[in-house]
>>> print(open('structure.cif').read())   # mmCIF, C-alpha atoms and all ligand atoms
data_data
loop_
_atom_site.label_atom_id
_atom_site.label_comp_id
_atom_site.auth_asym_id
_atom_site.auth_seq_id
_atom_site.Cartn_x
_atom_site.Cartn_y
_atom_site.Cartn_z
CA MET A 1 -26.19 44.93 -81.66
CA PHE A 2 -23.27 47.09 -80.53
CA LEU A 3 -19.69 46.09 -79.98
CA LYS A 4 -17.19 47.90 -77.77
CA PHE A 5 -13.82 48.27 -79.44
CA MET A 6 -10.99 50.42 -78.03
CA ASN A 7 -13.63 52.32 -76.01
CA ILE A 8 -15.47 53.07 -79.26
CA THR A 9 -18.99 51.86 -79.92
CA THR A 10 -18.94 50.26 -83.36
CA ILE A 11 -21.86 48.73 -85.26
CA LYS A 12 -22.21 45.20 -86.59
CA SER A 13 -24.95 45.30 -89.18
CA ILE A 14 -26.85 47.56 -91.51
CA LYS A 15 -29.74 47.57 -89.02
CA ASP A 16 -27.51 49.47 -86.55
CA ILE A 17 -26.90 52.42 -88.88
CA PRO A 18 -28.04 55.59 -87.07
CA GLN A 19 -31.50 56.74 -88.20
CA GLU A 20 -30.76 60.43 -87.92
CA GLU A 21 -30.12 62.36 -91.14
CA ASN A 22 -27.89 65.39 -91.34
CA LEU A 23 -28.17 65.79 -95.11
CA SER A 24 -31.58 66.59 -96.56
CA PRO A 25 -32.78 64.85 -99.72
CA GLY A 26 -33.26 66.67 -103.00
CA THR A 27 -29.74 67.98 -103.65
CA PRO A 28 -28.83 69.10 -107.18
CA THR A 29 -26.11 66.42 -107.65
CA CYS A 30 -26.73 63.78 -110.35
CA ALA A 31 -29.04 60.87 -109.55
CA GLY A 32 -27.06 57.91 -108.20
CA CYS A 33 -23.99 59.99 -107.25
CA GLY A 34 -21.80 57.59 -105.23
CA GLY A 35 -20.09 60.46 -103.43
CA LEU A 36 -23.41 61.67 -102.07
CA LEU A 37 -24.46 58.14 -100.99
CA SER A 38 -21.38 57.95 -98.76
CA LEU A 39 -21.55 61.54 -97.55
CA ARG A 40 -25.00 60.88 -96.13
CA HIS A 41 -23.52 58.08 -93.98
CA CYS A 42 -20.43 60.10 -93.02
CA LEU A 43 -22.65 62.89 -91.69
CA LYS A 44 -24.66 60.43 -89.60
CA VAL A 45 -21.51 59.94 -87.50
CA LEU A 46 -20.07 63.44 -87.74
CA GLY A 47 -23.40 64.91 -86.60
CA GLU A 48 -24.68 68.42 -87.24
CA ASN A 49 -22.20 70.25 -85.03
CA ILE A 50 -19.65 70.66 -87.80
CA VAL A 51 -18.33 73.27 -90.19
CA VAL A 52 -18.05 71.93 -93.74
CA VAL A 53 -15.25 73.46 -95.82
CA ASN A 54 -16.12 72.64 -99.40
CA ALA A 55 -13.51 72.97 -102.14
CA ALA A 56 -14.80 73.69 -105.66
CA GLY A 57 -15.94 70.45 -107.28
CA CYS A 58 -19.06 68.34 -107.69
CA PHE A 59 -20.22 69.12 -104.16
CA THR A 60 -20.25 72.79 -105.08
CA LEU A 61 -23.69 71.85 -106.34
CA LEU A 62 -24.86 70.97 -102.84
CA ALA A 63 -25.38 74.38 -101.33
CA VAL A 64 -26.83 76.95 -103.71
CA TYR A 65 -27.77 80.12 -101.83
CA PRO A 66 -30.21 80.35 -100.11
CA PHE A 67 -30.73 76.56 -100.12
CA THR A 68 -28.54 74.02 -98.36
CA PRO A 69 -29.03 70.33 -97.63
CA PHE A 70 -26.65 70.57 -94.64
CA LYS A 71 -27.85 71.02 -91.07
CA SER A 72 -24.40 72.45 -90.35
CA SER A 73 -22.46 75.54 -91.44
CA TRP A 74 -20.78 75.52 -94.84
CA LEU A 75 -17.82 77.46 -96.22
CA TYR A 76 -16.93 77.42 -99.89
CA THR A 77 -13.29 77.71 -101.04
CA ALA A 78 -11.27 77.61 -104.25
CA MET A 79 -9.86 74.23 -105.28
CA ALA A 80 -6.39 74.52 -103.80
CA CYS A 81 -7.11 76.01 -100.41
CA ALA A 82 -9.75 74.00 -98.50
CA PRO A 83 -7.22 72.87 -95.83
CA ALA A 84 -6.17 76.51 -95.40
CA GLY A 85 -9.86 77.41 -94.91
CA ALA A 86 -10.13 74.57 -92.40
CA GLN A 87 -7.09 75.90 -90.52
CA GLY A 88 -8.71 79.35 -90.26
CA ILE A 89 -11.98 77.88 -88.96
CA ARG A 90 -10.18 75.62 -86.47
CA ASP A 91 -8.08 78.54 -85.19
CA ALA A 92 -11.20 80.73 -84.80
CA LEU A 93 -13.03 77.96 -82.91
CA ASP A 94 -10.03 77.41 -80.61
CA ILE A 95 -9.84 81.15 -79.84
CA LEU A 96 -13.57 81.20 -78.97
CA ILE A 97 -13.10 78.16 -76.71
CA ARG A 98 -10.09 79.82 -75.01
CA LYS A 99 -12.09 83.00 -74.41
CA GLY A 100 -14.97 80.96 -72.95
CA ARG A 101 -17.36 82.03 -75.70
CA LEU A 102 -17.77 78.48 -77.04
CA ASP A 103 -18.26 75.45 -74.85
CA LEU A 104 -15.59 72.81 -75.46
CA LYS A 105 -18.34 70.22 -75.04
CA GLU A 106 -19.97 71.49 -78.22
CA ASN A 107 -17.08 69.76 -79.98
CA VAL A 108 -17.46 71.57 -83.31
CA LYS A 109 -15.63 69.52 -85.93
CA VAL A 110 -14.06 70.93 -89.08
CA VAL A 111 -14.69 68.80 -92.17
CA VAL A 112 -13.08 69.35 -95.58
CA LEU A 113 -15.00 68.02 -98.58
CA THR A 114 -13.24 67.68 -101.92
CA GLY A 115 -13.26 65.70 -105.12
CA ASP A 116 -10.28 63.78 -106.46
CA GLY A 117 -9.12 66.64 -108.71
CA VAL A 118 -8.46 68.68 -105.58
CA ALA A 119 -7.20 65.85 -103.37
CA TYR A 120 -4.90 64.13 -105.88
CA ASP A 121 -3.77 67.18 -107.87
CA ILE A 122 -4.62 70.82 -107.27
CA GLY A 123 -4.89 70.79 -103.47
CA LEU A 124 -2.25 68.17 -102.67
CA ALA A 125 0.35 70.70 -101.48
CA SER A 126 -2.05 72.46 -99.09
CA THR A 127 -3.22 69.11 -97.70
CA SER A 128 0.40 68.11 -97.15
CA GLY A 129 0.87 71.37 -95.22
CA ALA A 130 -2.17 70.69 -93.04
CA LEU A 131 -0.96 67.13 -92.35
CA TYR A 132 2.47 68.48 -91.45
CA ARG A 133 0.90 70.98 -89.03
CA ASN A 134 -1.21 68.17 -87.53
CA LEU A 135 -4.40 70.19 -88.10
CA ASP A 136 -7.31 68.70 -86.16
CA PHE A 137 -9.77 68.12 -89.01
CA TYR A 138 -11.58 65.54 -91.12
CA TYR A 139 -10.92 65.30 -94.86
CA ILE A 140 -13.33 63.43 -97.15
CA CYS A 141 -12.25 62.98 -100.77
CA SER A 142 -15.06 61.95 -103.07
CA ASP A 143 -13.02 60.01 -105.66
CA ASN A 144 -14.97 59.58 -108.89
CA GLU A 145 -11.64 59.19 -110.70
CA ALA A 146 -11.83 62.31 -112.91
CA TYR A 147 -12.76 66.00 -112.95
CA GLY A 148 -16.46 65.16 -112.86
CA ASN A 149 -18.32 68.43 -112.90
CA THR A 150 -16.35 70.01 -115.77
CA GLY A 151 -16.74 67.17 -118.26
CA PHE A 152 -14.91 64.13 -116.82
CA GLN A 153 -11.34 65.04 -117.76
CA SER A 154 -8.44 62.89 -116.43
CA SER A 155 -7.19 63.58 -112.91
CA GLY A 156 -4.37 61.97 -110.94
CA ALA A 157 -7.02 59.54 -109.68
CA THR A 158 -8.08 58.29 -113.11
CA PRO A 159 -7.29 54.59 -113.51
CA PHE A 160 -5.27 53.02 -116.30
CA ALA A 161 -7.34 52.38 -119.48
CA SER A 162 -10.21 54.74 -118.60
CA LYS A 163 -11.73 56.86 -121.34
CA THR A 164 -12.07 60.48 -120.24
CA GLY A 165 -12.70 63.89 -121.81
CA THR A 166 -8.93 64.30 -122.27
CA THR A 167 -8.14 60.68 -123.17
CA PRO A 168 -10.61 59.91 -125.95
CA ILE A 169 -10.40 56.57 -127.73
CA GLY A 170 -9.00 56.63 -131.26
CA ARG A 171 -6.78 54.77 -133.70
CA ILE A 172 -3.59 56.28 -132.24
CA SER A 173 -4.68 55.75 -128.65
CA PRO A 174 -7.06 52.78 -128.35
CA THR A 175 -6.36 52.20 -124.64
CA GLY A 176 -7.61 55.37 -122.98
CA LEU A 177 -5.43 56.73 -120.17
CA GLU A 178 -2.03 55.04 -120.24
CA LEU A 179 -0.93 56.11 -116.75
CA PRO A 180 -1.78 54.28 -113.52
CA LYS A 181 -3.88 55.87 -110.75
CA LYS A 182 -1.80 57.90 -108.29
CA ASN A 183 -1.50 56.22 -104.87
CA LEU A 184 -2.95 58.98 -102.68
CA PHE A 185 -3.36 56.62 -99.72
CA GLU A 186 0.42 56.08 -99.63
CA ILE A 187 1.20 59.77 -100.22
CA TRP A 188 -0.99 60.72 -97.26
CA ARG A 189 0.29 57.77 -95.20
CA SER A 190 3.88 59.00 -95.59
CA HIS A 191 2.84 61.92 -93.33
CA THR A 192 1.74 59.35 -90.65
CA PRO A 193 -1.59 61.01 -89.80
CA PRO A 194 -3.49 59.54 -86.81
CA TYR A 195 -6.23 58.10 -89.03
CA LEU A 196 -6.51 57.40 -92.74
CA ALA A 197 -8.98 55.11 -94.51
CA THR A 198 -10.60 54.18 -97.79
CA ILE A 199 -14.39 53.83 -97.82
CA SER A 200 -17.16 52.81 -100.19
CA PRO A 201 -20.89 53.61 -100.44
CA ALA A 202 -21.56 49.86 -100.79
CA HIS A 203 -20.05 49.13 -97.34
CA PRO A 204 -21.85 51.54 -94.99
CA VAL A 205 -21.13 49.47 -91.84
CA ASP A 206 -17.39 49.58 -92.55
CA LEU A 207 -17.69 53.30 -93.36
CA ILE A 208 -19.55 54.17 -90.17
CA ASN A 209 -17.18 52.18 -87.96
CA LYS A 210 -14.20 53.94 -89.54
CA PHE A 211 -15.66 57.37 -88.73
CA LYS A 212 -16.45 56.23 -85.18
CA LYS A 213 -12.91 54.96 -84.78
CA ALA A 214 -11.42 58.17 -86.20
CA GLU A 215 -13.32 60.25 -83.60
CA GLN A 216 -10.89 59.26 -80.86
CA TYR A 217 -7.90 60.89 -82.58
CA LYS A 218 -6.89 64.54 -82.50
CA GLY A 219 -5.21 65.62 -85.72
CA PRO A 220 -5.88 64.84 -89.38
CA LYS A 221 -8.46 62.12 -90.12
CA LEU A 222 -8.65 61.37 -93.84
CA PHE A 223 -11.03 59.33 -95.98
CA ILE A 224 -10.90 58.42 -99.67
CA ASN A 225 -14.32 57.40 -100.93
CA LEU A 226 -14.60 55.52 -104.24
CA SER A 227 -17.57 57.37 -105.75
CA PRO A 228 -19.35 55.76 -108.71
CA CYS A 229 -20.31 58.58 -111.06
CA PRO A 230 -23.14 57.68 -113.46
CA ALA A 231 -22.42 60.76 -115.60
CA GLY A 232 -18.72 60.01 -116.17
CA TRP A 233 -18.62 56.24 -115.75
CA VAL A 234 -21.57 56.06 -118.17
CA THR A 235 -23.56 53.73 -115.94
CA ASP A 236 -27.17 53.55 -114.90
CA PRO A 237 -27.78 55.69 -111.76
CA SER A 238 -29.43 52.68 -110.09
CA HIS A 239 -26.19 50.65 -110.50
CA SER A 240 -23.86 52.84 -108.41
CA ALA A 241 -23.96 50.57 -105.35
CA LYS A 242 -23.47 47.53 -107.61
CA PHE A 243 -20.26 48.96 -109.13
CA ALA A 244 -19.01 50.15 -105.74
CA ARG A 245 -19.48 46.58 -104.43
CA LEU A 246 -17.84 45.04 -107.50
CA ALA A 247 -14.82 47.32 -107.02
CA VAL A 248 -14.27 45.73 -103.60
CA ASP A 249 -15.20 42.18 -104.67
CA THR A 250 -12.73 42.26 -107.58
CA GLY A 251 -10.01 43.79 -105.39
CA ILE A 252 -9.62 46.92 -107.50
CA TRP A 253 -10.68 49.07 -104.51
CA ALA A 254 -9.07 47.89 -101.26
CA LEU A 255 -10.95 48.83 -98.10
CA LYS A 256 -8.31 49.62 -95.50
CA GLU A 257 -7.21 51.96 -92.78
CA ALA A 258 -3.88 53.21 -91.46
CA ILE A 259 -3.56 54.24 -87.82
CA TYR A 260 -0.39 56.28 -87.39
CA GLY A 261 0.85 54.64 -90.61
CA GLU A 262 0.05 51.02 -89.62
CA VAL A 263 -2.08 49.56 -92.43
CA LYS A 264 -4.89 47.03 -91.97
CA HIS A 265 -7.36 45.81 -94.60
CA THR A 266 -10.88 45.94 -93.19
CA VAL A 267 -12.84 44.02 -95.86
CA VAL A 268 -11.09 41.26 -97.78
CA PRO A 269 -13.22 39.05 -100.05
CA LYS A 270 -12.74 35.29 -99.48
CA SER A 271 -12.10 34.92 -103.20
CA PHE A 272 -11.72 37.75 -105.66
CA ARG A 273 -13.97 38.06 -108.71
CA PRO A 274 -12.26 38.74 -112.09
CA VAL A 275 -11.65 42.45 -112.51
CA GLU A 276 -13.37 42.26 -115.88
CA GLU A 277 -16.72 41.98 -114.07
CA TYR A 278 -16.14 45.47 -112.67
CA LEU A 279 -14.94 46.99 -115.95
CA LYS A 280 -17.73 45.52 -118.07
CA GLY A 281 -20.87 47.61 -118.15
CA GLN A 282 -19.06 50.91 -117.51
CA GLY A 283 -19.07 53.14 -120.60
CA ARG A 284 -15.63 54.53 -119.69
CA PHE A 285 -14.16 51.04 -120.26
CA ALA A 286 -16.44 49.96 -123.15
CA HIS A 287 -13.55 50.24 -125.67
CA LEU A 288 -11.80 47.34 -123.88
CA PHE A 289 -14.59 44.99 -125.02
CA LYS A 290 -15.90 46.48 -128.30
CA PRO A 291 -15.44 46.43 -131.26
CA VAL A 292 -12.64 43.96 -130.31
CA ARG A 293 -11.54 42.72 -126.89
CA GLN A 294 -8.26 44.33 -125.83
CA GLU A 295 -6.84 41.18 -124.21
CA GLU A 296 -3.44 42.69 -123.36
CA THR A 297 -4.98 45.70 -121.62
CA LEU A 298 -7.48 43.57 -119.67
CA LYS A 299 -4.61 41.28 -118.60
CA ARG A 300 -2.56 44.31 -117.52
CA VAL A 301 -5.40 45.64 -115.31
CA GLN A 302 -5.83 42.20 -113.68
CA GLU A 303 -2.05 41.98 -113.11
CA MET A 304 -2.02 45.38 -111.40
CA VAL A 305 -4.75 44.25 -109.00
CA ASP A 306 -3.06 40.86 -108.36
CA GLN A 307 0.25 42.61 -107.72
CA TYR A 308 -1.37 44.89 -105.14
CA TRP A 309 -2.84 41.97 -103.18
CA ASP A 310 0.39 39.89 -103.42
CA ASN A 311 2.27 42.82 -101.88
CA ALA A 312 -0.44 43.31 -99.22
CA ARG A 313 -0.32 39.60 -98.27
CA SER A 314 3.46 39.51 -98.00
CA SER A 315 3.57 42.66 -95.89
CA GLU A 316 0.85 41.18 -93.58
CA SER A 317 2.81 37.95 -93.19
CA ARG A 318 6.03 39.87 -92.44
CA LYS A 319 4.19 41.54 -89.53
CA ARG A 320 3.14 38.18 -88.01
S1 LIG A 401 -20.71 64.28 -112.08
FE1 LIG A 401 -20.50 62.32 -110.99
S2 LIG A 401 -19.51 62.77 -109.02
FE2 LIG A 401 -20.30 64.70 -109.90
S3 LIG A 401 -22.35 64.98 -109.00
FE3 LIG A 401 -22.62 63.90 -110.95
S4 LIG A 401 -22.56 61.69 -110.40
FE4 LIG A 401 -21.73 62.83 -108.66
#
>>> encode(input="structure.cif", output="structure tokens", more="lines below")
Ligand code: SF4
Amino acid sequence: MFLKFMNITTIKSIKDIPQEENLSPGTPTCAGCGGLLSLRHCLKVLGENIVVVNAAGCFTLLAVYPFTPFKSSWLYTAMACAPAGAQGIRDALDILIRKGRLDLKENVKVVVLTGDGVAYDIGLASTSGALYRNLDFYYICSDNEAYGNTGFQSSGATPFASKTGTTPIGRISPTGLELPKKNLFEIWRSHTPPYLATISPAHPVDLINKFKKAEQYKGPKLFINLSPCPAGWVTDPSHSAKFARLAVDTGIWALKEAIYGEVKHTVVPKSFRPVEEYLKGQGRFAHLFKPVRQEETLKRVQEMVDQYWDNARSSESRKR
């Protein structure tokens, strides 16, 4: 069943997800990697006529010469400069189109792939520059909430109370990280890009429709994907989709989009489950439950989530 929306063909159910695959199975990422689950869906919409610009991070593991799971081209960059690499590729493609050596109809898209360490921290300045220049590209941040492939150290995306390689639990610091997660969505939104969204591997219909919607805009199109990470979250690889779903059902991960800065939530649970259901079962939050329950910390996490949704509701009602 297809639905026409703003001249875009969106899908309604999981049965409508395109069958074609542009990412081969058997990549060297960890089993159950949430970032990879989403990337597979993203590429179903982006197609194979793309150039992937991959900043150093977990997805470095994807293409190991001479093997690649991508049907498309792939360029590898250092952590800070993927948007600069994307600018170079875009400029080269535009020159070829201008000279008539590349058909405009081929519509080669430039896609930056990063992890949260790059997006939230090391590459933030170069992304800001690309947004400012209105570079016509896609940016997918696989947000596993830490520096995953170097030992799960804290990044700007790490949530309050998470245990990481650099915030171990001890007598002096029983809480884990004491800082809140940086609000990258709002940082990016302040540049008013044409399209910005959060996505989740547990909501592929929402994900696919967001990519389809983004296609109509020229300029930066950005996606932040909450990526369950069995290695760092200390969860069973078969539970990645479960935790991704719980993140949305508890309200800790809001699925939303911003078109030229105008925010809309795309999936809002009828009633939110307690955030504890999401935290429980993840090794990175185990210290909040054992050997003693950290009631104050659990209350604080719930309050942060409640506060977010109170603000979202009042800003929605102001718009009406
Ligand atoms: S460390 Fe985590 S994010 Fe990185 S490949 Fe493994 S599961 Fe995926």
>>> closest_residue(input="structure.cif", among="A:Tyr195, A:Tyr147, A:Tyr138, A:Phe185", to="ligand LIG 401 (chain A)", atoms="all atoms listed in the file")
A:Tyr147
>>> residues_around(input="structure.cif", residues="Phe70 (chain A)", least_positions_apart="2", cutoff="10 Å", atoms="all atoms listed in the file", output="mmCIF file with C-alpha atoms, in the frame of the given file")
data_model
loop_
_atom_site.group_PDB
_atom_site.id
_atom_site.type_symbol
_atom_site.label_atom_id
_atom_site.label_comp_id
_atom_site.auth_asym_id
_atom_site.auth_seq_id
_atom_site.Cartn_x
_atom_site.Cartn_y
_atom_site.Cartn_z
ATOM 1 C CA GLU A 21 -30.120 62.360 -91.140
ATOM 2 C CA ASN A 22 -27.890 65.390 -91.340
ATOM 3 C CA LEU A 23 -28.170 65.790 -95.110
ATOM 4 C CA SER A 24 -31.580 66.590 -96.560
ATOM 5 C CA PRO A 25 -32.780 64.850 -99.720
ATOM 6 C CA THR A 27 -29.740 67.980 -103.650
ATOM 7 C CA ARG A 40 -25.000 60.880 -96.130
ATOM 8 C CA LEU A 43 -22.650 62.890 -91.690
ATOM 9 C CA GLU A 48 -24.680 68.420 -87.240
ATOM 10 C CA ILE A 50 -19.650 70.660 -87.800
ATOM 11 C CA VAL A 51 -18.330 73.270 -90.190
ATOM 12 C CA VAL A 52 -18.050 71.930 -93.740
ATOM 13 C CA LEU A 62 -24.860 70.970 -102.840
ATOM 14 C CA ALA A 63 -25.380 74.380 -101.330
ATOM 15 C CA PHE A 67 -30.730 76.560 -100.120
ATOM 16 C CA THR A 68 -28.540 74.020 -98.360
ATOM 17 C CA SER A 72 -24.400 72.450 -90.350
ATOM 18 C CA SER A 73 -22.460 75.540 -91.440
ATOM 19 C CA TRP A 74 -20.780 75.520 -94.840
#
>>> residues_around(input="structure.cif", residues="Gly151 (chain A)", least_positions_apart="2", cutoff="12 Å", atoms="all atoms listed in the file", output="list of chain:residue names")
A:Gly57, A:Cys58, A:Ala146, A:Tyr147, A:Gly148, A:Asn149, A:Gln153, A:Ser154, A:Ser155, A:Lys163, A:Thr164, A:Gly165, A:Thr166, A:Thr167, A:Cys229, A:Ala231, A:Gly232, A:Trp233
>>> residues_around(input="structure.cif", residues="Ala130 (chain A)", least_positions_apart="6", cutoff="8 Å", atoms="only C-alpha atoms", output="list in words")
Pro83, Ala84, Gln87 and Pro220 of chain A
>>> axis_aligned_box(input="structure.cif", around="ligand LIG 401 (chain A)", padding_each_side="4 Å", output="lines of an AutoDock Vina configuration file")
center_x = -21.1
center_y = 63.3
center_z = -110.4
size_x = 11.1
size_y = 11.3
size_z = 11.4
>>> residues_around(input="structure.cif", residues="Cys141 (chain A)", least_positions_apart="6", cutoff="9 Å", atoms="all atoms listed in the file", output="JSON, numbers by chain")
{"A": [35, 112, 113, 114, 115, 116, 118, 119, 222, 223, 224, 225, 226]}
>>> write_last_selection(input="structure.cif", atoms="C-alpha atoms", output="PDB file, in the coordinates of the input")
ATOM      1  CA  GLY A  35     -20.090  60.460-103.430  1.00  0.00           C
ATOM      2  CA  VAL A 112     -13.080  69.350 -95.580  1.00  0.00           C
ATOM      3  CA  LEU A 113     -15.000  68.020 -98.580  1.00  0.00           C
ATOM      4  CA  THR A 114     -13.240  67.680-101.920  1.00  0.00           C
ATOM      5  CA  GLY A 115     -13.260  65.700-105.120  1.00  0.00           C
ATOM      6  CA  ASP A 116     -10.280  63.780-106.460  1.00  0.00           C
ATOM      7  CA  VAL A 118      -8.460  68.680-105.580  1.00  0.00           C
ATOM      8  CA  ALA A 119      -7.200  65.850-103.370  1.00  0.00           C
ATOM      9  CA  LEU A 222      -8.650  61.370 -93.840  1.00  0.00           C
ATOM     10  CA  PHE A 223     -11.030  59.330 -95.980  1.00  0.00           C
ATOM     11  CA  ILE A 224     -10.900  58.420 -99.670  1.00  0.00           C
ATOM     12  CA  ASN A 225     -14.320  57.400-100.930  1.00  0.00           C
ATOM     13  CA  LEU A 226     -14.600  55.520-104.240  1.00  0.00           C
TER      14      LEU A 226
END
>>> residues_near_point(input="structure.cif", point="(-16.4, 45.7, -113.4)", cutoff="10 Å", atoms="only C-alpha atoms", output="PyMOL selection string")
chain A and resi 242-247+249-250+252+273-282+285
>>> atom_distance(input="structure.cif", atom1="CA of Asp310 (chain A)", atom2="CA of Leu124 (chain A)")
28.4 Å
>>> closest_residue(input="structure.cif", among="A:Thr9, A:Ser315, A:Asn144, A:Asn54", to="ligand LIG 401 (chain A)", atoms="only C-alpha atoms and all ligand atoms")
A:Asn144
>>> closest_residue(input="structure.cif", among="A:Leu135, A:Ile169, A:Leu75, A:Val234", to="ligand LIG 401 (chain A)", atoms="all atoms listed in the file")
A:Val234
>>> closest_residue(input="structure.cif", among="A:Lys212, A:His239, A:His265, A:Lys218", to="ligand LIG 401 (chain A)", atoms="all atoms listed in the file")
A:His239
>>> closest_residue(input="structure.cif", among="A:Gln294, A:Thr10, A:Ser317, A:Ser238", to="ligand LIG 401 (chain A)", atoms="only C-alpha atoms and all ligand atoms")
A:Ser238
>>> closest_residue(input="structure.cif", among="A:Ala56, A:Ile14, A:Cys30, A:Val292", to="Pro174 (chain A)", atoms="only C-alpha atoms")
A:Val292
>>> atom_distance(input="structure.cif", atom1="CA of Val108 (chain A)", atom2="CA of Ala202 (chain A)")
28.2 Å
>>> atom_distance(input="structure.cif", atom1="CA of Ile187 (chain A)", atom2="CA of Thr60 (chain A)")
25.6 Å
>>> residues_around(input="structure.cif", residues="Asp136 (chain A)", least_positions_apart="3", cutoff="12 Å", atoms="all atoms listed in the file", output="PyMOL selection string")
chain A and resi 83+86-91+93-94+107-112+130-133+139+193-195+214-222
>>> residues_near_point(input="structure.cif", point="(-14.2, 43.2, -94.5)", cutoff="9 Å", atoms="all atoms listed in the file", output="list in words")
His203, Asp206, Leu255, Lys256, His265, Thr266, Val267, Val268 and Pro269 of chain A
